[in-house]
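A.B. asks: Structure below; questions to follow.
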Amino acid sequence: MTMFRLGERKTTEGDLTPEVSSSEGIEALGTLKRFQHRHHFDPNLPTDEIELVDKALTSRSFEKDAGVNAALVEDDSPYAEVRAVVPSHDADLPANTIRAWAIGLILCTVGSAVNMLFSLRNPSVTITTYVIQLVAYPVGIGWDLIFPDRVFAVMGARFNLKPGRFNLKEHVVIVAMSNAAYGGGFLYATDVLLAQQVFYRQYFGWGFQLLFGITALCTGYGLAGLTRRFLVWPAAMIWPSNLVNATLFHTLHGGNTPANPATTGGWRISRHRWFLYVASGGFVWYFFPGWVFQGLSYFNFICWALPDSIVVNKLFGGFRGYGILPTTLDWTVISGYALSPLIPPFHAVANTVAGVVFFFVIISASLHFSGTWYADYFVVQSSDAFDNTGAKYNVSRILNDQLLLDEEAYHGYSPVYFSTQFALCYGLSFAAVSAVIVHAVLYYGPQIKSQYKTGRSQEDDVHMRLMKKYEDSPDWWYLALFVIMVGLSFAVCTAWPTGFPAWAYVICILIPILWIIPIGAVQAITNIQIGLNVLTEFVIGYLLPGHPVAMMNYGYVTMQQALYFAQDLKLGHYMKVPPRTMFWSQLVASVWSAIVQIAVMNWALGNIPDVCSDRQADNYTCPGGRILFTTSVVWSTIGPARIFSGKAVYASLQWFWLIGAVSPVIAWFLARRYPKSVARFVNMPLVFGGSGWIPPASAYTYLCWGSVGFVFNYLVKRKSKGWWLHYNYITSAALDCGLMIATILIFFTLYLTSANAPRWYGNYDVYETLDQRGLAIKSFVAAGETFGPTSWP
């Protein structure tokens, strides 16, 4: 269904001003002008609908002949995807109930504890918010069977444990609490604390740990709340992943109604039944790639046929090669890093895959096979840093007793080398963080200025107007929270010997402040987040060289948490949950989760034998803390100046800062010059940074992800848009839920019991390729020899 309906009429050439006489016509004209101003470059609106608005605004007899249904702009969302899953009305249901708080805090506690404990293990398992969304529903129904629907009075306070049936808004509050607590899997600050305590042997006590954990979470929350007028309230800020959550909420709470075949391509099955079928099928199927035939995950049959061919394994290997024949039958490989490809709009998928093909296949292959950056001595892709013998970089060889850089030892050992893909990853990260600022100024600048002035009075769509019936959480709440958390953060940095001075924290916190709106806007429109981790490491590495513990403090984690909170605020906006209920539920859940996770971490460190050791009997090796330790050594002890500046091997990658800043300007001019062309959909931050999970993801996984995204979000959507609107998001939720349940079951019943997968070719021989073994390398260094320069910065 198109958003606008225009009557046919003849226009006089050159007439650009519609004739409007009545007050209704003037109001409709103003509505459409505001709409055109906000959405002129909006890639999520079809070009033909924007053309209809332009035609209406240039019509000579606007009121009589244009026939524009301007009211539709205000009475529903301008986006078909949102209209399909988010109702344009608000049911009067209680949200701030004892039932919601009790269930939310219980699930928050359990999920936080389990995720924290198993984050120390490799392989690990994560309880996601989809699992909580599913579990919370029967728990809520069970609550209703136990507690009576009556009002109690205790010391003058009146309350009801069952104020009606368990409802959708309570369900949203529970999921928002869980997402605030562990939306990223677990508290990132615990990896910092593990690296600090286990590997750097610095222990500052519970006070430091709790303050660091809480401030790392809640500083982002304050920042998210202050940017609501830019990232939450505007209709253009869709946050596509919220549409999946919204679909699942409505499916669980009344999704049994059969579909109208006239609008769904002939399908009658209800969303609820379709969800059960797909989730059940996904659950059963995952036992094959997850246990019975693990070769289905990286289905590199060409490498199986030629397991010892270096070139074949470099080109077709999905694990450490280019994976140019992306074939997989495992939803984990497809959605494990970039999330479900059914969620982002096709233009986002296309921009990301274009960047992968151009940079991580074409450019990378040109560099790799020509031996640039000594590539002959490495695999195509690896997350590790290497020395000048091709072995993993041994950071212990360059540290002194104080865990600082030993200059003499460093120059007697080796500079740092990266695989081709890893090196390009840094260059593209430089380009992405500069491109996203320029992109935001050019594409969103006028809207940001307008939203800053209008605030909550902005009349955007029906959901914004419906939310105005509720008392808002005032900006000063979020500002006060942000100021308090910043003050406590100063205390964390300066009251303990962290090596992180107050002035460095100021610079560090400015990074998320400056980048949250540009990166948040891109994520809200495309569902893809541009990472800031490389930028924060780069800046701190230059500011505080030789201080690895300081490297692991605030910056990236504040930004990441802020975006999680902004996404949840939009979910509450869609589901019409009172803003003050969202504020307190998310804040309490965040603080409580930080306490729980830090308590579990300390329990594990004190009670699991040899925890964080390479040889820990049950694989509690602390992979996150170990990786962060290595990263902090490379980026701070050695420092970016020795890696990317002057005569360093990778100095040429600094040009990507300029490339990233210039390319959005070119794309913007092309979009203005050719507004109906594909240039309108070009998003340079995604071209550079959409593949930010590489590594540990690979070009292969992104190509698999993009192939599925192309099928659903381009082919299926074009052929049967009605089916896509009704079933696409619930299909995505079902695939993810089936996979999560199967993964958890396999982990607890098979991996934790040390069971062995069936011994046959599909589980063992498929891992004997050069790609899987990490040996698809052209040249090896003889014993006692090295490659590369004889001196280095």
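By order of appearance in the structure tokens: chains A, B, ..., then residues from 1 within every chain, and ligands from 1 in the order shown.
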Find the spatial neighbours of A:Gln133, counting only C-alpha atoms, within a cut-off of 12 Å - ignore same-chain residues fewer than 3 positions away - and output them as a ChimeraX atom specification.
C.D. replies: /A:103-104,107-108,111,127-130,136-140,168,170-179,244-253,733-734,736-737
A.B. asks: Find the spatial neighbours of A:Gln381, counting only C-alpha atoms, within a cut-off of 10 Å - ignore same-chain residues fewer than 2 positions away - and output them as a ChimeraX atom specification.
C.D. replies: /A:314,318-322,360,378-379,383-384,418-423,694-699,771,774
A.B. asks: For a quick check of understanding, using only C-alpha atoms, which of A:Pro545, A:Leu428, A:Trp274, A:Thr731 has the smallest distance to A:Phe358?
C.D. replies: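 Nearest candidate to A:Phe358 out of A:Pro545, A:Leu428, A:Trp274, A:Thr731: A:Leu428.
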A.B. asks: With a distance cut-off of 10 Å and only C-alpha atoms, select the neighbouring residues of stretch 674-677 of chain A, excluding the residue or stretch itself and same-chain residues fewer than 5 positions from it, and output the selection as a list of chain:residue names.
C.D. replies: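 Once the adjacent positions are removed, what remains is A:His40, A:Phe41, A:Thr47, A:Asp48, A:Ile50, A:Glu51, A:Trp668, A:Phe669, A:Val682.
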A.B. asks: Excluding stretch 487-497 of chain A and any residue of its chain fewer than 5 positions from it, enumerate the residues within 8 Å of it, using only C-alpha atoms, and give them as an MDAnalysis selection string.
C.D. replies: chainID A and resid 204 208 211:212 215 502 505
A.B. asks: For A:Lys570, list every protein, DNA or RNA residue within 9 Å, evaluated using only C-alpha atoms, and leave out those in the same chain fewer than 6 positions away; present the list as JSON, numbers by chain.
C.D. replies: {"A": [228, 231, 232, 233, 237, 238, 239, 242]}
